[in-house]
file data11.pdb (PDB, C-alpha atoms, pLDDT in the B column)
ATOM      1  CA  MET E   1      -5.240 372.742  22.090  1.00 96.00           C
ATOM      2  CA  LEU E   2      -6.204 375.969  20.349  1.00 97.00           C
ATOM      3  CA  TRP E   3      -4.609 379.127  21.771  1.00 96.00           C
ATOM      4  CA  LEU E   4      -6.252 382.426  20.765  1.00 95.00           C
ATOM      5  CA  SER E   5      -3.958 385.350  21.522  1.00 92.00           C
ATOM      6  CA  PRO E   6      -4.377 388.437  19.331  1.00 87.00           C
ATOM      7  CA  TRP E   7      -2.225 390.732  21.502  1.00 84.00           C
ATOM      8  CA  MET E   8       0.285 388.677  23.521  1.00 83.00           C
ATOM      9  CA  ARG E   9       2.072 386.715  20.810  1.00 85.00           C
ATOM     10  CA  PRO E  10       5.509 386.263  22.476  1.00 85.00           C
ATOM     11  CA  LEU E  11       3.979 385.169  25.794  1.00 85.00           C
ATOM     12  CA  ALA E  12       1.613 382.776  24.031  1.00 89.00           C
ATOM     13  CA  ARG E  13       4.552 381.369  22.054  1.00 90.00           C
ATOM     14  CA  VAL E  14       6.564 380.720  25.213  1.00 87.00           C
ATOM     15  CA  GLN E  15       3.639 378.887  26.761  1.00 88.00           C
ATOM     16  CA  ALA E  16       2.659 377.035  23.567  1.00 92.00           C
ATOM     17  CA  GLU E  17       6.234 375.886  23.008  1.00 92.00           C
ATOM     18  CA  ALA E  18       6.527 374.680  26.617  1.00 89.00           C
ATOM     19  CA  LEU E  19       3.338 372.670  26.145  1.00 92.00           C
ATOM     20  CA  ARG E  20       4.585 371.300  22.809  1.00 95.00           C
ATOM     21  CA  ARG E  21       7.843 370.168  24.465  1.00 94.00           C
ATOM     22  CA  ARG E  22       5.672 368.172  26.854  1.00 94.00           C
ATOM     23  CA  GLY E  23       3.802 366.504  23.996  1.00 96.00           C
ATOM     24  CA  ALA E  24       0.754 368.758  23.639  1.00 95.00           C
ATOM     25  CA  ASP E  25      -0.520 369.559  20.167  1.00 97.00           C
ATOM     26  CA  VAL E  26      -0.988 373.356  20.082  1.00 97.00           C
ATOM     27  CA  LEU E  27      -2.296 375.617  17.318  1.00 97.00           C
ATOM     28  CA  LEU E  28      -1.750 379.314  18.070  1.00 96.00           C
ATOM     29  CA  VAL E  29      -3.938 381.919  16.383  1.00 94.00           C
ATOM     30  CA  THR E  30      -2.406 385.351  16.810  1.00 91.00           C
ATOM     31  CA  SER E  31      -1.657 388.671  15.080  1.00 88.00           C
ATOM     32  CA  ASP E  32       1.249 390.993  14.370  1.00 83.00           C
ATOM     33  CA  LEU E  33       0.064 393.583  16.923  1.00 76.00           C
ATOM     34  CA  HIS E  34       2.764 392.851  19.505  1.00 73.00           C
ATOM     35  CA  PRO E  35       6.104 394.720  19.216  1.00 70.00           C
ATOM     36  CA  GLU E  36       7.994 391.406  19.235  1.00 72.00           C
ATOM     37  CA  SER E  37       6.068 389.817  16.353  1.00 71.00           C
ATOM     38  CA  ASP E  38       8.012 388.177  13.559  1.00 80.00           C
ATOM     39  CA  ALA E  39       7.532 385.448  10.944  1.00 85.00           C
ATOM     40  CA  ALA E  40       4.866 382.847  11.675  1.00 85.00           C
ATOM     41  CA  ARG E  41       6.036 379.565  13.130  1.00 91.00           C
ATOM     42  CA  ASP E  42       4.735 376.222  11.912  1.00 92.00           C
ATOM     43  CA  TYR E  43       2.143 376.041  14.704  1.00 94.00           C
ATOM     44  CA  GLU E  44       0.804 379.612  14.172  1.00 94.00           C
ATOM     45  CA  LEU E  45      -1.977 381.202  12.157  1.00 90.00           C
ATOM     46  CA  VAL E  46      -1.436 384.961  11.960  1.00 89.00           C
ATOM     47  CA  LEU E  47      -4.552 387.075  11.363  1.00 87.00           C
ATOM     48  CA  ASP E  48      -5.191 390.771  10.933  1.00 80.00           C
ATOM     49  CA  PRO E  49      -7.670 391.616  13.715  1.00 73.00           C
ATOM     50  CA  ARG E  50      -9.191 394.720  12.083  1.00 69.00           C
ATOM     51  CA  VAL E  51     -12.887 393.761  12.011  1.00 65.00           C
ATOM     52  CA  ARG E  52     -14.019 396.733   9.947  1.00 65.00           C
ATOM     53  CA  THR E  53     -11.514 396.088   7.154  1.00 68.00           C
ATOM     54  CA  ALA E  54     -13.120 393.869   4.507  1.00 69.00           C
ATOM     55  CA  SER E  55      -9.772 392.528   3.277  1.00 72.00           C
ATOM     56  CA  THR E  56      -9.215 390.809   6.656  1.00 71.00           C
ATOM     57  CA  TRP E  57     -12.303 388.593   6.381  1.00 73.00           C
ATOM     58  CA  PRO E  58     -11.081 385.954   3.856  1.00 79.00           C
ATOM     59  CA  ALA E  59      -8.125 385.042   6.095  1.00 81.00           C
ATOM     60  CA  SER E  60     -10.488 384.800   9.069  1.00 81.00           C
ATOM     61  CA  LEU E  61     -12.701 382.407   7.143  1.00 84.00           C
ATOM     62  CA  ALA E  62      -9.667 380.314   6.145  1.00 87.00           C
ATOM     63  CA  ALA E  63      -8.568 380.242   9.800  1.00 88.00           C
ATOM     64  CA  TRP E  64     -12.049 379.118  10.854  1.00 89.00           C
ATOM     65  CA  ARG E  65     -11.833 376.232   8.355  1.00 92.00           C
ATOM     66  CA  ARG E  66      -8.328 375.316   9.586  1.00 92.00           C
ATOM     67  CA  VAL E  67      -9.461 375.312  13.221  1.00 93.00           C
ATOM     68  CA  ARG E  68     -12.480 373.123  12.384  1.00 93.00           C
ATOM     69  CA  GLN E  69     -10.133 370.627  10.690  1.00 95.00           C
ATOM     70  CA  TYR E  70      -7.781 370.808  13.662  1.00 95.00           C
ATOM     71  CA  ARG E  71     -10.604 369.911  16.106  1.00 94.00           C
ATOM     72  CA  PRO E  72      -9.127 371.167  19.399  1.00 96.00           C
ATOM     73  CA  ASP E  73     -10.079 369.563  22.714  1.00 96.00           C
ATOM     74  CA  VAL E  74      -9.645 372.807  24.664  1.00 97.00           C
ATOM     75  CA  VAL E  75      -9.284 376.512  23.871  1.00 97.00           C
ATOM     76  CA  ILE E  76      -7.126 379.049  25.690  1.00 96.00           C
ATOM     77  CA  ALA E  77      -8.379 382.608  25.088  1.00 95.00           C
ATOM     78  CA  GLU E  78      -6.552 385.761  26.099  1.00 91.00           C
ATOM     79  CA  LEU E  79      -7.699 389.280  25.308  1.00 84.00           C
ATOM     80  CA  VAL E  80     -10.117 388.083  22.630  1.00 87.00           C
ATOM     81  CA  ARG E  81     -12.424 390.941  21.601  1.00 81.00           C
ATOM     82  CA  ASP E  82     -13.280 390.071  18.018  1.00 80.00           C
ATOM     83  CA  PRO E  83     -16.456 388.054  17.303  1.00 82.00           C
ATOM     84  CA  ARG E  84     -14.569 386.235  14.528  1.00 83.00           C
ATOM     85  CA  TRP E  85     -12.099 384.936  17.103  1.00 86.00           C
ATOM     86  CA  ILE E  86     -14.975 383.885  19.362  1.00 90.00           C
ATOM     87  CA  ALA E  87     -16.281 381.851  16.413  1.00 89.00           C
ATOM     88  CA  LEU E  88     -12.864 380.150  16.160  1.00 91.00           C
ATOM     89  CA  ALA E  89     -13.314 378.827  19.699  1.00 92.00           C
ATOM     90  CA  GLY E  90     -16.554 377.086  18.832  1.00 91.00           C
ATOM     91  CA  ARG E  91     -18.185 375.133  21.645  1.00 92.00           C
ATOM     92  CA  VAL E  92     -15.002 373.540  22.949  1.00 94.00           C
ATOM     93  CA  PRO E  93     -14.245 373.920  26.699  1.00 97.00           C
ATOM     94  CA  ARG E  94     -12.398 377.200  27.144  1.00 96.00           C
ATOM     95  CA  ILE E  95      -9.986 378.715  29.633  1.00 96.00           C
ATOM     96  CA  GLN E  96      -9.702 382.493  29.689  1.00 95.00           C
ATOM     97  CA  LEU E  97      -6.463 384.232  30.645  1.00 92.00           C
ATOM     98  CA  VAL E  98      -6.837 387.556  32.445  1.00 91.00           C
ATOM     99  CA  HIS E  99      -3.642 389.605  32.590  1.00 83.00           C
ATOM    100  CA  ASP E 100      -4.755 392.752  34.391  1.00 79.00           C
ATOM    101  CA  ASP E 101      -7.311 393.769  36.976  1.00 80.00           C
ATOM    102  CA  ARG E 102      -8.670 396.603  34.801  1.00 74.00           C
ATOM    103  CA  ALA E 103      -8.931 397.488  31.156  1.00 63.00           C
ATOM    104  CA  HIS E 104      -5.890 399.537  30.243  1.00 57.00           C
ATOM    105  CA  ASP E 105      -6.463 400.116  26.557  1.00 57.00           C
ATOM    106  CA  TRP E 106      -9.408 402.512  26.955  1.00 56.00           C
ATOM    107  CA  ALA E 107      -8.720 406.052  28.152  1.00 58.00           C
ATOM    108  CA  ASP E 108     -11.231 405.867  31.015  1.00 60.00           C
ATOM    109  CA  GLY E 109     -10.516 402.211  31.872  1.00 59.00           C
ATOM    110  CA  ARG E 110     -14.004 401.123  30.787  1.00 68.00           C
ATOM    111  CA  ARG E 111     -14.797 398.972  27.795  1.00 70.00           C
ATOM    112  CA  PRO E 112     -17.414 399.912  25.196  1.00 76.00           C
ATOM    113  CA  ALA E 113     -20.942 398.641  25.939  1.00 81.00           C
ATOM    114  CA  TYR E 114     -20.886 396.123  23.071  1.00 78.00           C
ATOM    115  CA  GLU E 115     -17.792 394.502  24.563  1.00 75.00           C
ATOM    116  CA  ALA E 116     -19.420 394.223  27.950  1.00 77.00           C
ATOM    117  CA  ALA E 117     -22.588 392.715  26.477  1.00 83.00           C
ATOM    118  CA  VAL E 118     -20.951 390.144  24.215  1.00 85.00           C
ATOM    119  CA  LEU E 119     -17.581 389.418  25.751  1.00 84.00           C
ATOM    120  CA  ASP E 120     -18.605 389.294  29.407  1.00 86.00           C
ATOM    121  CA  ARG E 121     -21.203 386.658  28.599  1.00 89.00           C
ATOM    122  CA  TRP E 122     -18.693 384.703  26.518  1.00 90.00           C
ATOM    123  CA  GLY E 123     -16.035 384.918  29.252  1.00 91.00           C
ATOM    124  CA  ALA E 124     -18.492 383.789  31.931  1.00 91.00           C
ATOM    125  CA  GLY E 125     -19.006 380.613  29.917  1.00 94.00           C
ATOM    126  CA  SER E 126     -15.352 379.645  30.364  1.00 96.00           C
ATOM    127  CA  ALA E 127     -14.489 376.422  32.152  1.00 97.00           C
ATOM    128  CA  ALA E 128     -11.903 378.367  34.201  1.00 97.00           C
ATOM    129  CA  THR E 129     -10.126 381.703  34.478  1.00 96.00           C
ATOM    130  CA  VAL E 130      -6.336 381.940  34.868  1.00 95.00           C
ATOM    131  CA  THR E 131      -4.505 385.017  36.159  1.00 93.00           C
ATOM    132  CA  TYR E 132      -0.808 385.587  36.772  1.00 88.00           C
ATOM    133  CA  SER E 133      -1.054 387.003  40.310  1.00 88.00           C
ATOM    134  CA  ASP E 134      -3.124 386.710  43.482  1.00 92.00           C
ATOM    135  CA  HIS E 135      -3.817 390.458  43.248  1.00 92.00           C
ATOM    136  CA  VAL E 136      -5.428 390.136  39.806  1.00 92.00           C
ATOM    137  CA  ALA E 137      -7.308 386.976  40.839  1.00 94.00           C
ATOM    138  CA  ALA E 138      -8.873 388.771  43.811  1.00 94.00           C
ATOM    139  CA  ALA E 139      -9.616 391.933  41.823  1.00 93.00           C
ATOM    140  CA  VAL E 140     -11.379 390.161  38.934  1.00 93.00           C
ATOM    141  CA  ALA E 141     -13.233 387.484  40.904  1.00 93.00           C
ATOM    142  CA  THR E 142     -16.505 389.460  40.847  1.00 92.00           C
ATOM    143  CA  ARG E 143     -16.276 390.702  37.254  1.00 90.00           C
ATOM    144  CA  ARG E 144     -19.151 389.583  35.048  1.00 89.00           C
ATOM    145  CA  ASP E 145     -16.827 387.703  32.685  1.00 89.00           C
ATOM    146  CA  VAL E 146     -15.218 385.811  35.589  1.00 92.00           C
ATOM    147  CA  THR E 147     -18.031 385.242  38.105  1.00 89.00           C
ATOM    148  CA  GLY E 148     -18.979 381.587  38.245  1.00 88.00           C
ATOM    149  CA  THR E 149     -15.688 380.311  36.812  1.00 94.00           C
ATOM    150  CA  PRO E 150     -12.993 378.739  38.965  1.00 96.00           C
ATOM    151  CA  VAL E 151     -10.082 381.208  39.196  1.00 96.00           C
ATOM    152  CA  ARG E 152      -6.538 379.841  39.205  1.00 95.00           C
ATOM    153  CA  VAL E 153      -3.214 381.673  39.576  1.00 93.00           C
ATOM    154  CA  LEU E 154      -0.223 380.550  37.509  1.00 86.00           C
ATOM    155  CA  PRO E 155       3.270 382.070  37.361  1.00 76.00           C
ATOM    156  CA  LEU E 156       4.059 384.434  34.488  1.00 72.00           C
ATOM    157  CA  THR E 157       6.490 382.658  32.190  1.00 62.00           C
ATOM    158  CA  SER E 158       7.896 385.567  30.222  1.00 59.00           C
ATOM    159  CA  ASP E 159       7.974 389.309  29.982  1.00 59.00           C
ATOM    160  CA  LEU E 160       8.458 391.909  27.301  1.00 57.00           C
ATOM    161  CA  ASP E 161      12.015 393.097  26.720  1.00 63.00           C
ATOM    162  CA  PRO E 162      12.188 396.391  28.719  1.00 64.00           C
ATOM    163  CA  ALA E 163      13.844 398.120  25.731  1.00 69.00           C
ATOM    164  CA  LEU E 164      10.598 397.646  23.752  1.00 65.00           C
ATOM    165  CA  VAL E 165       8.287 399.078  26.402  1.00 61.00           C
ATOM    166  CA  PRO E 166       7.146 402.606  25.500  1.00 65.00           C
ATOM    167  CA  ALA E 167       7.524 405.337  28.097  1.00 67.00           C
ATOM    168  CA  PRO E 168       4.421 405.987  30.224  1.00 62.00           C
ATOM    169  CA  GLY E 169       2.284 408.593  28.575  1.00 54.00           C
TER     170      GLY E 169
END
call {"tool": "encode", "arguments": {"input": "data11.pdb", "output": "structure tokens"}}
result
Amino acid sequence: MLWLSPWMRPLARVQAEALRRRGADVLLVTSDLHPESDAARDYELVLDPRVRTASTWPASLAAWRRVRQYRPDVVIAELVRDPRWIALAGRVPRIQLVHDDRAHDWADGRRPAYEAAVLDRWGAGSAATVTYSDHVAAAVATRRDVTGTPVRVLPLTSDLDPALVPAPG
């Protein structure tokens, strides 16, 4: 299993490690963008997700080669917005994780047009969509990146340490 998680590294680790304890072979591709990031574990590839920075491309190419050698049977994708990470997924069946019912990283709650054009189409090609609450499942069911995929609700397995959460701004 290939897990692509550029933003939610600790949560992805909790889930990947639970799967590994049950015998699943998991390769996690992630970044250091989360406040609780630390040294890479043996099952992790850590990339710099800055697309416009040329120095980040060689590591992305190396990761692509590593993933092709790994040959995953399924891909889990959460908050993937970088075309290089989409390329990592290849044509393997994919499950997308949707954490929230609206984009929260853009000031007006809307994503740029290029994201909608590319990522909604990619998301809609997922074999399934997983959310962590019935509220989010109902709210995203008609989104373009979710429509047509079976939507499943699973319990959230971890949370961010409250001491690391910045004050609302």
call {"tool": "resolve_selection", "arguments": {"input": "data11.pdb", "expression": "the PyMOL selection byres ((chain E and resi 90-92) around 9)", "output": "list in words"}}
result
Arg68, Arg71, Pro72, Asp73, Val74, Val75, Ile86, Ala87, Leu88, Ala89, Pro93 and Arg94 of chain E
call {"tool": "closest_atom_pairs", "arguments": {"input": "data11.pdb", "of": "segment 13-103 of chain E", "to": "segment 119-129 of chain E", "cutoff": "8 Å", "atoms": "all atoms listed in the file", "output": "CSV"}}
result
residue,atom,partner,partner_atom,distance
E:Arg81,CA,E:Leu119,CA,6.8
E:Pro93,CA,E:Ala127,CA,6.0
E:Arg94,CA,E:Ser126,CA,5.0
E:Ile95,CA,E:Ala128,CA,5.0
E:Gln96,CA,E:Thr129,CA,4.9
E:Leu97,CA,E:Thr129,CA,5.9
E:Val98,CA,E:Thr129,CA,7.0
call {"tool": "axis_aligned_box", "arguments": {"input": "data11.pdb", "around": "segment 41-48 of chain E", "padding_each_side": "3 Å", "output": "JSON"}}
result
{"center_x": 0.4, "center_y": 383.4, "center_z": 12.8, "size_x": 17.2, "size_y": 20.7, "size_z": 9.8}
call {"tool": "closest_atom_pairs", "arguments": {"input": "data11.pdb", "of": "segment 45-157 of chain E", "to": "segment 15-20 of chain E", "cutoff": "12 Å", "atoms": "all atoms listed in the file", "output": "CSV"}}
result
residue,atom,partner,partner_atom,distance
E:Val75,CA,E:Ala16,CA,12.0
E:Ile76,CA,E:Ala16,CA,10.2
E:Leu154,CA,E:Gln15,CA,11.5
E:Pro155,CA,E:Gln15,CA,11.1
E:Leu156,CA,E:Gln15,CA,9.5
E:Thr157,CA,E:Gln15,CA,7.2
call {"tool": "atom_distance", "arguments": {"input": "data11.pdb", "atom1": "atom CA of Val118 of chain E", "atom2": "atom CA of Pro10 of chain E"}}
result
26.8 Å
call {"tool": "resolve_selection", "arguments": {"input": "data11.pdb", "expression": "the PyMOL selection byres ((chain E and resi 70) around 10)", "output": "tab-separated table (two decimals) with C-alpha atoms, in the frame of the given file"}}
result
chain	number	residue	atom	x	y	z
E	1	MET	CA	-5.24	372.74	22.09
E	2	LEU	CA	-6.20	375.97	20.35
E	25	ASP	CA	-0.52	369.56	20.17
E	26	VAL	CA	-0.99	373.36	20.08
E	27	LEU	CA	-2.30	375.62	17.32
E	64	TRP	CA	-12.05	379.12	10.85
E	65	ARG	CA	-11.83	376.23	8.36
E	66	ARG	CA	-8.33	375.32	9.59
E	67	VAL	CA	-9.46	375.31	13.22
E	68	ARG	CA	-12.48	373.12	12.38
E	69	GLN	CA	-10.13	370.63	10.69
E	71	ARG	CA	-10.60	369.91	16.11
E	72	PRO	CA	-9.13	371.17	19.40
E	73	ASP	CA	-10.08	369.56	22.71
call {"tool": "atom_distance", "arguments": {"input": "data11.pdb", "atom1": "atom CA of His135 of chain E", "atom2": "atom CA of Asp101 of chain E"}}
result
7.9 Å
call {"tool": "atom_distance", "arguments": {"input": "data11.pdb", "atom1": "atom CA of Pro35 of chain E", "atom2": "atom CA of Arg9 of chain E"}}
result
9.1 Å
